[in-house]
Structure formats: C-alpha cells, structure tokens
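Colleague: Okay, so here is coords-v5.cif, and as you'll see once you scroll down, it has mmCIF, N, CA and C atoms.
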data_target
#
loop_
_atom_site.label_atom_id
_atom_site.label_comp_id
_atom_site.auth_asym_id
_atom_site.auth_seq_id
_atom_site.Cartn_x
_atom_site.Cartn_y
_atom_site.Cartn_z
N MET K 1 14.86 13.05 -1.54
CA MET K 1 13.72 13.94 -1.52
C MET K 1 12.85 13.55 -0.34
N SER K 2 12.44 14.50 0.45
CA SER K 2 11.57 14.20 1.58
C SER K 2 10.13 14.10 1.13
N VAL K 3 9.33 13.45 1.95
CA VAL K 3 7.92 13.28 1.63
C VAL K 3 7.23 14.62 1.51
N SER K 4 7.56 15.55 2.37
CA SER K 4 6.87 16.84 2.39
C SER K 4 7.22 17.74 1.22
N THR K 5 8.33 17.49 0.50
CA THR K 5 8.71 18.35 -0.60
C THR K 5 8.25 17.83 -1.95
N GLN K 6 7.62 16.69 -2.01
CA GLN K 6 7.14 16.17 -3.27
C GLN K 6 5.93 16.96 -3.75
N ILE K 7 5.83 17.13 -5.05
CA ILE K 7 4.66 17.79 -5.62
C ILE K 7 3.47 16.84 -5.50
N ASP K 8 2.37 17.33 -4.94
CA ASP K 8 1.21 16.48 -4.69
C ASP K 8 0.26 16.54 -5.89
N GLN K 9 0.22 15.44 -6.64
CA GLN K 9 -0.66 15.36 -7.81
C GLN K 9 -1.69 14.25 -7.62
N ARG K 10 -2.08 13.98 -6.41
CA ARG K 10 -3.01 12.90 -6.12
C ARG K 10 -4.43 13.31 -6.42
N ARG K 11 -5.28 12.30 -6.67
CA ARG K 11 -6.70 12.56 -6.97
C ARG K 11 -7.49 12.87 -5.72
N SER K 12 -7.06 12.33 -4.58
CA SER K 12 -7.73 12.66 -3.33
C SER K 12 -6.67 13.04 -2.30
N ARG K 13 -7.03 13.94 -1.43
CA ARG K 13 -6.10 14.49 -0.45
C ARG K 13 -5.66 13.43 0.56
N ARG K 14 -4.37 13.35 0.78
CA ARG K 14 -3.85 12.46 1.82
C ARG K 14 -3.91 13.19 3.15
N ILE K 15 -4.21 12.43 4.19
CA ILE K 15 -4.21 13.00 5.52
C ILE K 15 -3.12 12.34 6.34
N GLN K 16 -2.56 13.09 7.27
CA GLN K 16 -1.57 12.54 8.18
C GLN K 16 -2.31 11.67 9.19
N THR K 17 -1.69 10.57 9.58
CA THR K 17 -2.37 9.63 10.46
C THR K 17 -1.36 8.88 11.32
N SER K 18 -1.88 8.13 12.24
CA SER K 18 -1.03 7.26 13.06
C SER K 18 -1.58 5.84 13.05
N LEU K 19 -2.15 5.42 11.92
CA LEU K 19 -2.66 4.06 11.77
C LEU K 19 -1.52 3.05 11.75
N THR K 20 -1.83 1.85 12.16
CA THR K 20 -0.90 0.73 12.05
C THR K 20 -1.50 -0.27 11.08
N ALA K 21 -0.65 -0.87 10.25
CA ALA K 21 -1.12 -1.87 9.29
C ALA K 21 -0.18 -3.05 9.29
N VAL K 22 -0.74 -4.21 8.98
CA VAL K 22 0.08 -5.39 8.72
C VAL K 22 0.29 -5.43 7.22
N VAL K 23 1.55 -5.37 6.81
CA VAL K 23 1.91 -5.35 5.40
C VAL K 23 2.44 -6.73 5.03
N ARG K 24 1.88 -7.31 3.98
CA ARG K 24 2.34 -8.62 3.48
C ARG K 24 2.83 -8.45 2.05
N ILE K 25 4.02 -9.01 1.82
CA ILE K 25 4.61 -8.99 0.49
C ILE K 25 5.26 -10.34 0.24
N LYS K 26 5.53 -10.62 -1.02
CA LYS K 26 6.27 -11.83 -1.39
C LYS K 26 7.64 -11.39 -1.87
N ASP K 27 8.66 -12.09 -1.40
CA ASP K 27 10.00 -11.77 -1.87
C ASP K 27 10.29 -12.49 -3.17
N GLY K 28 11.47 -12.32 -3.71
CA GLY K 28 11.84 -12.93 -4.98
C GLY K 28 11.87 -14.44 -4.96
N LYS K 29 11.91 -15.02 -3.77
CA LYS K 29 11.93 -16.48 -3.64
C LYS K 29 10.55 -17.02 -3.30
N ASN K 30 9.52 -16.20 -3.50
CA ASN K 30 8.13 -16.57 -3.28
C ASN K 30 7.82 -16.86 -1.82
N ARG K 31 8.60 -16.27 -0.91
CA ARG K 31 8.32 -16.39 0.52
C ARG K 31 7.43 -15.23 0.94
N ALA K 32 6.42 -15.54 1.74
CA ALA K 32 5.54 -14.50 2.27
C ALA K 32 6.23 -13.82 3.44
N LEU K 33 6.31 -12.50 3.38
CA LEU K 33 6.92 -11.71 4.44
C LEU K 33 5.86 -10.81 5.03
N LYS K 34 5.90 -10.65 6.35
CA LYS K 34 4.90 -9.84 7.04
C LYS K 34 5.63 -8.88 7.96
N GLU K 35 5.17 -7.64 7.96
CA GLU K 35 5.77 -6.62 8.81
C GLU K 35 4.69 -5.64 9.25
N THR K 36 4.77 -5.18 10.48
CA THR K 36 3.86 -4.15 10.95
C THR K 36 4.45 -2.79 10.58
N ALA K 37 3.61 -1.93 10.02
CA ALA K 37 4.08 -0.62 9.58
C ALA K 37 3.18 0.47 10.13
N ASN K 38 3.77 1.62 10.39
CA ASN K 38 3.02 2.80 10.78
C ASN K 38 2.69 3.58 9.52
N ILE K 39 1.40 3.70 9.25
CA ILE K 39 0.93 4.48 8.11
C ILE K 39 1.05 5.94 8.50
N ILE K 40 1.78 6.71 7.72
CA ILE K 40 1.95 8.13 8.09
C ILE K 40 1.05 9.05 7.28
N SER K 41 0.62 8.58 6.09
CA SER K 41 -0.35 9.35 5.33
C SER K 41 -1.21 8.37 4.53
N ILE K 42 -2.49 8.76 4.35
CA ILE K 42 -3.42 7.85 3.68
C ILE K 42 -4.51 8.66 2.99
N SER K 43 -5.03 8.10 1.91
CA SER K 43 -6.21 8.64 1.22
C SER K 43 -7.04 7.44 0.76
N ARG K 44 -8.12 7.70 0.06
CA ARG K 44 -8.91 6.59 -0.50
C ARG K 44 -8.13 5.86 -1.59
N ASN K 45 -7.12 6.50 -2.16
CA ASN K 45 -6.39 5.96 -3.30
C ASN K 45 -5.03 5.35 -2.98
N GLY K 46 -4.48 5.64 -1.80
CA GLY K 46 -3.14 5.12 -1.50
C GLY K 46 -2.68 5.49 -0.11
N ALA K 47 -1.45 5.07 0.19
CA ALA K 47 -0.89 5.31 1.52
C ALA K 47 0.63 5.40 1.44
N GLY K 48 1.19 6.02 2.47
CA GLY K 48 2.64 6.10 2.62
C GLY K 48 3.01 5.59 3.99
N PHE K 49 4.07 4.80 4.07
CA PHE K 49 4.49 4.21 5.34
C PHE K 49 5.96 3.84 5.29
N TYR K 50 6.50 3.51 6.45
CA TYR K 50 7.89 3.08 6.55
C TYR K 50 7.95 1.57 6.74
N LEU K 51 8.91 0.95 6.06
CA LEU K 51 9.17 -0.49 6.19
C LEU K 51 10.64 -0.71 6.47
N GLY K 52 10.97 -1.85 7.01
CA GLY K 52 12.35 -2.22 7.26
C GLY K 52 13.01 -2.90 6.08
N ARG K 53 12.31 -3.04 4.98
CA ARG K 53 12.86 -3.69 3.79
C ARG K 53 12.52 -2.88 2.54
N LYS K 54 13.37 -3.02 1.54
CA LYS K 54 13.16 -2.33 0.28
C LYS K 54 12.12 -3.08 -0.55
N CYS K 55 11.29 -2.33 -1.24
CA CYS K 55 10.28 -2.90 -2.14
C CYS K 55 10.61 -2.46 -3.56
N LYS K 56 10.17 -3.26 -4.53
CA LYS K 56 10.37 -2.92 -5.93
C LYS K 56 9.16 -2.14 -6.46
N ILE K 57 9.43 -1.20 -7.35
CA ILE K 57 8.34 -0.48 -8.01
C ILE K 57 7.50 -1.50 -8.77
N GLY K 58 6.18 -1.41 -8.62
CA GLY K 58 5.28 -2.35 -9.28
C GLY K 58 4.99 -3.60 -8.47
N GLN K 59 5.64 -3.74 -7.32
CA GLN K 59 5.42 -4.91 -6.47
C GLN K 59 4.05 -4.83 -5.81
N LEU K 60 3.40 -5.97 -5.70
CA LEU K 60 2.09 -6.06 -5.09
C LEU K 60 2.23 -6.25 -3.58
N VAL K 61 1.46 -5.50 -2.80
CA VAL K 61 1.47 -5.62 -1.35
C VAL K 61 0.03 -5.68 -0.85
N SER K 62 -0.14 -6.29 0.30
CA SER K 62 -1.45 -6.36 0.95
C SER K 62 -1.35 -5.66 2.29
N LEU K 63 -2.33 -4.82 2.60
CA LEU K 63 -2.38 -4.14 3.89
C LEU K 63 -3.65 -4.55 4.62
N LEU K 64 -3.52 -4.78 5.91
CA LEU K 64 -4.66 -5.04 6.78
C LEU K 64 -4.62 -3.97 7.85
N MET K 65 -5.69 -3.15 7.92
CA MET K 65 -5.68 -2.01 8.83
C MET K 65 -7.10 -1.62 9.21
N GLN K 66 -7.23 -0.56 10.01
CA GLN K 66 -8.52 -0.06 10.45
C GLN K 66 -8.65 1.43 10.10
N PRO K 67 -8.76 1.75 8.81
CA PRO K 67 -8.90 3.17 8.45
C PRO K 67 -10.32 3.66 8.73
N PRO K 68 -10.51 4.96 8.84
CA PRO K 68 -11.86 5.49 9.00
C PRO K 68 -12.72 5.14 7.78
N THR K 69 -14.01 5.08 7.97
CA THR K 69 -14.95 4.71 6.92
C THR K 69 -14.83 5.59 5.69
N ASN K 70 -14.59 6.88 5.87
CA ASN K 70 -14.53 7.79 4.72
C ASN K 70 -13.30 7.54 3.83
N LEU K 71 -12.35 6.74 4.28
CA LEU K 71 -11.18 6.42 3.48
C LEU K 71 -11.26 5.03 2.85
N ARG K 72 -12.41 4.39 2.99
CA ARG K 72 -12.60 3.05 2.43
C ARG K 72 -13.39 3.13 1.13
N CYS K 73 -13.17 2.12 0.28
CA CYS K 73 -13.94 2.01 -0.97
C CYS K 73 -14.88 0.82 -0.93
N TYR K 74 -14.84 0.02 0.13
CA TYR K 74 -15.69 -1.16 0.31
C TYR K 74 -15.53 -1.61 1.76
N ASP K 75 -16.26 -2.64 2.17
CA ASP K 75 -16.18 -3.19 3.53
C ASP K 75 -16.30 -2.11 4.61
N TYR K 76 -17.30 -1.24 4.46
CA TYR K 76 -17.48 -0.13 5.38
C TYR K 76 -17.82 -0.57 6.80
N GLN K 77 -18.50 -1.71 6.93
CA GLN K 77 -18.96 -2.17 8.24
C GLN K 77 -17.97 -3.10 8.94
N LYS K 78 -16.98 -3.59 8.22
CA LYS K 78 -16.04 -4.52 8.82
C LYS K 78 -15.03 -3.78 9.71
N ARG K 79 -14.58 -4.47 10.73
CA ARG K 79 -13.60 -3.87 11.64
C ARG K 79 -12.26 -3.68 10.93
N PHE K 80 -11.82 -4.72 10.23
CA PHE K 80 -10.54 -4.66 9.54
C PHE K 80 -10.76 -4.54 8.04
N TYR K 81 -9.90 -3.81 7.41
CA TYR K 81 -9.99 -3.50 5.98
C TYR K 81 -8.72 -4.04 5.31
N ARG K 82 -8.88 -5.00 4.41
CA ARG K 82 -7.74 -5.50 3.64
C ARG K 82 -7.81 -4.88 2.25
N VAL K 83 -6.70 -4.31 1.84
CA VAL K 83 -6.63 -3.69 0.53
C VAL K 83 -5.29 -4.04 -0.11
N TRP K 84 -5.33 -4.26 -1.42
CA TRP K 84 -4.12 -4.54 -2.19
C TRP K 84 -3.63 -3.25 -2.81
N GLY K 85 -2.32 -3.13 -2.92
CA GLY K 85 -1.74 -1.94 -3.51
C GLY K 85 -0.48 -2.25 -4.29
N LEU K 86 -0.10 -1.31 -5.12
CA LEU K 86 1.12 -1.41 -5.92
C LEU K 86 2.12 -0.37 -5.45
N VAL K 87 3.35 -0.79 -5.27
CA VAL K 87 4.41 0.12 -4.86
C VAL K 87 4.67 1.11 -5.99
N GLN K 88 4.59 2.40 -5.66
CA GLN K 88 4.85 3.46 -6.63
C GLN K 88 6.23 4.08 -6.44
N HIS K 89 6.70 4.09 -5.20
CA HIS K 89 8.06 4.52 -4.93
C HIS K 89 8.52 3.95 -3.60
N CYS K 90 9.83 3.81 -3.50
CA CYS K 90 10.46 3.28 -2.29
C CYS K 90 11.88 3.81 -2.24
N TYR K 91 12.22 4.46 -1.14
CA TYR K 91 13.58 4.96 -1.01
C TYR K 91 14.04 4.92 0.45
N ALA K 92 15.35 4.78 0.63
CA ALA K 92 15.95 4.72 1.96
C ALA K 92 15.83 6.08 2.63
N VAL K 93 15.54 6.06 3.93
CA VAL K 93 15.42 7.31 4.67
C VAL K 93 16.47 7.47 5.77
N ASN K 94 17.16 6.39 6.13
CA ASN K 94 18.22 6.51 7.14
C ASN K 94 19.17 5.31 7.09
N GLU K 95 20.19 5.35 7.91
CA GLU K 95 21.20 4.30 7.91
C GLU K 95 20.70 2.98 8.51
N GLN K 96 19.59 3.00 9.22
CA GLN K 96 19.07 1.78 9.85
C GLN K 96 18.25 0.94 8.86
N THR K 97 18.42 1.17 7.60
CA THR K 97 17.73 0.46 6.51
C THR K 97 16.21 0.56 6.60
N ASN K 98 15.72 1.72 6.99
CA ASN K 98 14.29 1.98 6.91
C ASN K 98 13.99 2.61 5.55
N TYR K 99 12.84 2.24 4.99
CA TYR K 99 12.45 2.73 3.66
C TYR K 99 11.08 3.37 3.74
N TYR K 100 10.93 4.47 3.00
CA TYR K 100 9.61 5.07 2.84
C TYR K 100 9.00 4.45 1.59
N VAL K 101 7.78 3.92 1.73
CA VAL K 101 7.09 3.25 0.63
C VAL K 101 5.77 3.96 0.38
N GLY K 102 5.50 4.25 -0.88
CA GLY K 102 4.23 4.84 -1.28
C GLY K 102 3.51 3.85 -2.19
N ILE K 103 2.25 3.55 -1.86
CA ILE K 103 1.49 2.60 -2.68
C ILE K 103 0.20 3.22 -3.17
N ALA K 104 -0.28 2.69 -4.29
CA ALA K 104 -1.58 3.05 -4.85
C ALA K 104 -2.50 1.85 -4.62
N PHE K 105 -3.66 2.09 -4.01
CA PHE K 105 -4.60 1.01 -3.75
C PHE K 105 -5.24 0.55 -5.06
N ILE K 106 -5.32 -0.78 -5.25
CA ILE K 106 -5.91 -1.31 -6.48
C ILE K 106 -7.18 -2.12 -6.23
N GLY K 107 -7.49 -2.47 -4.98
CA GLY K 107 -8.75 -3.15 -4.73
C GLY K 107 -8.74 -4.17 -3.62
N LYS K 108 -9.87 -4.84 -3.52
CA LYS K 108 -10.10 -5.83 -2.47
C LYS K 108 -9.40 -7.15 -2.75
N PHE K 109 -9.15 -7.43 -4.03
CA PHE K 109 -8.56 -8.71 -4.41
C PHE K 109 -7.28 -8.49 -5.20
N ALA K 110 -6.38 -9.45 -5.12
CA ALA K 110 -5.16 -9.42 -5.92
C ALA K 110 -5.51 -9.64 -7.39
N PRO K 111 -4.70 -9.15 -8.30
CA PRO K 111 -4.97 -9.37 -9.73
C PRO K 111 -4.95 -10.85 -10.08
N ASN K 112 -5.68 -11.21 -11.15
CA ASN K 112 -5.65 -12.59 -11.64
C ASN K 112 -4.22 -12.98 -11.96
N GLY K 113 -3.85 -14.18 -11.65
CA GLY K 113 -2.52 -14.67 -11.93
C GLY K 113 -1.51 -14.41 -10.84
N HIS K 114 -1.91 -13.66 -9.80
CA HIS K 114 -0.96 -13.36 -8.72
C HIS K 114 -0.46 -14.61 -8.00
N ARG K 115 -1.35 -15.55 -7.76
CA ARG K 115 -0.94 -16.78 -7.06
C ARG K 115 0.05 -17.60 -7.88
N LYS K 116 -0.13 -17.60 -9.18
CA LYS K 116 0.78 -18.37 -10.05
C LYS K 116 2.13 -17.69 -10.20
N ASN K 117 2.13 -16.36 -10.17
CA ASN K 117 3.37 -15.62 -10.36
C ASN K 117 3.41 -14.44 -9.39
N PRO K 118 3.68 -14.70 -8.09
CA PRO K 118 3.62 -13.63 -7.09
C PRO K 118 4.71 -12.58 -7.21
N SER K 119 5.76 -12.84 -7.96
CA SER K 119 6.82 -11.84 -8.11
C SER K 119 6.61 -10.94 -9.33
N ARG K 120 5.49 -11.10 -10.01
CA ARG K 120 5.18 -10.29 -11.19
C ARG K 120 5.11 -8.82 -10.82
N SER K 121 5.56 -7.97 -11.72
CA SER K 121 5.51 -6.53 -11.53
C SER K 121 4.31 -5.96 -12.28
N TYR K 122 3.64 -4.98 -11.69
CA TYR K 122 2.44 -4.39 -12.27
C TYR K 122 2.63 -2.90 -12.47
N ARG K 123 1.83 -2.33 -13.33
CA ARG K 123 1.81 -0.88 -13.56
C ARG K 123 0.36 -0.40 -13.55
N LEU K 124 0.16 0.83 -13.15
CA LEU K 124 -1.17 1.41 -13.14
C LEU K 124 -1.58 1.85 -14.53
N CYS K 125 -2.89 1.76 -14.81
CA CYS K 125 -3.36 2.18 -16.13
C CYS K 125 -4.58 3.09 -16.03
N GLY K 126 -4.94 3.54 -14.87
CA GLY K 126 -6.08 4.46 -14.72
C GLY K 126 -6.83 4.18 -13.44
N ILE K 127 -7.73 5.06 -13.11
CA ILE K 127 -8.48 4.93 -11.86
C ILE K 127 -9.95 4.67 -12.19
N GLY K 128 -10.56 3.75 -11.43
CA GLY K 128 -11.95 3.38 -11.66
C GLY K 128 -12.91 4.33 -10.97
N GLU K 129 -14.19 4.14 -11.23
CA GLU K 129 -15.23 4.97 -10.61
C GLU K 129 -15.26 4.79 -9.10
N ASP K 130 -14.78 3.64 -8.62
CA ASP K 130 -14.76 3.39 -7.17
C ASP K 130 -13.60 4.07 -6.47
N GLY K 131 -12.73 4.74 -7.20
CA GLY K 131 -11.60 5.45 -6.60
C GLY K 131 -10.35 4.62 -6.47
N LEU K 132 -10.39 3.39 -6.96
CA LEU K 132 -9.21 2.51 -6.88
C LEU K 132 -8.50 2.50 -8.22
N TRP K 133 -7.20 2.35 -8.19
CA TRP K 133 -6.41 2.29 -9.42
C TRP K 133 -6.60 0.98 -10.11
#
Rewrite the structure from the file as structure tokens, please.
Modeller:
Amino acid sequence: MSVSTQIDQRRSRRIQTSLTAVVRIKDGKNRALKETANIISISRNGAGFYLGRKCKIGQLVSLLMQPPTNLRCYDYQKRFYRVWGLVQHCYAVNEQTNYYVGIAFIGKFAPNGHRKNPSRSYRLCGIGEDGLW
C-alpha cells in the first residue's frame, strides 16, 4: 500500500516536507543505532519517513529535527526539537531495503522504564490536551 492511498484518519493534517532528522533507536541487543532520515510528511502528532532498517510496531524512537514552530508542542524557541515517538507502521518500499516508517509523537521524554528495558514495546492509549499521544 502506498502512502498516498492510505485513508487519513489523523487528528491533525500532515504536510509534505523536506525536513531532515536524526533518528535514534535501540536494536534487540540494546545497541543504540543512529540514522539520518528525510521526513516526507509531518504534523503536530506524528511523522512519516524512510529508513534503511526495519522497525517493530510499538518500538520507541527519538527524532532530532528543526520543524516549524506551528508543528511543535514544546521547545518553541529552541533551534533543535527532540521528540519521542512510537512506530505505528513500517513496510518495505523497494529492493534496496528501504522502509517507510510512520510514528506517533508521544512527548519530550521517553516513558519511565525505557532505560531499564529499551526493547520494550509500547501501544498508544489516547491523545493528551497538548496534542501528543
């Protein structure tokens, strides 16, 4: 299924963009992995981008980027915006092992217990007044 053919049921409209972000994830062996990704769509609630590695649904990721102020939920004056998100979907898009990843932003900080168990899987349970899941 292509990104453009998915039914859009998001709370805020995603816009097409050419932002770059540093994506950090932990693999199953608790190794920190870092990759630069081109954000292709973004909203206050989430983002879509391509990665060279597959992610698991519910996996926690950290993004460091420079989105416009109107797409931020905090740190409006800072140059760089770090936000944590949960992988909602991930699928292969070509033979070069590129993956399209869609995440829901959950906030400025990782959930409690993340450092003790970085491979833990999470699920969304609702959206807060600040617009974060």
Colleague: If we count only N, CA and C atoms, what is near region 57-72 of chain K at a cut-off of 6.5 Å, once residues fewer than 5 positions away on the same chain are taken out, given as a list in words?
Modeller: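 That gives Thr20, Ala21, Val22, Val23, Arg24, Ile25, Lys26, Ser43, Arg44, Arg79, Phe80, Tyr81, Arg82, Val83, Trp84, Gly85, Leu86, Val87, Gln88, His89, Cys90, Arg120, Ser121, Tyr122 and Arg123 of chain K.
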Colleague: Please, what distance in Å, to one decimal, runs between atom N of Cys73 (chain K) and CA of Asn38 (chain K)?
Modeller: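 Atom-to-atom, atom N of Cys73 (chain K) to CA of Asn38 (chain K), that is 19.3 Å.
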Colleague: Give the helix (DSSP H, G or I) residues of chain K, as assigned by DSSP on the backbone, as a count of residues only.
Modeller: 6
Colleague: Enclose the full set of atoms of region 108-119 of chain K listed in the file within a box whose edges lie along x, y and z, apply 5 Å of padding to each of the six sides, and report centre and edge lengths in Å to one decimal as lines of an AutoDock Vina configuration file.
Modeller:
center_x = -1.6
center_y = -11.6
center_z = -7.2
size_x = 26.9
size_y = 23.5
size_z = 19.5
Colleague: Can you measure atom C of Ala32 (chain K) to atom C of Gly113 (chain K) for me? One decimal in Å is fine.
Modeller: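 Result for atom C of Ala32 (chain K) versus atom C of Gly113 (chain K): 16.3 Å, one decimal.
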Colleague: So that I can check the secondary structure, give me every residue of region 18-125 of chain K assigned strand (DSSP E or B) by backbone DSSP, as a PyMOL selection string.
Modeller: chain K and resi 18-26+32-42+46-51+60-65+81-92+99-107
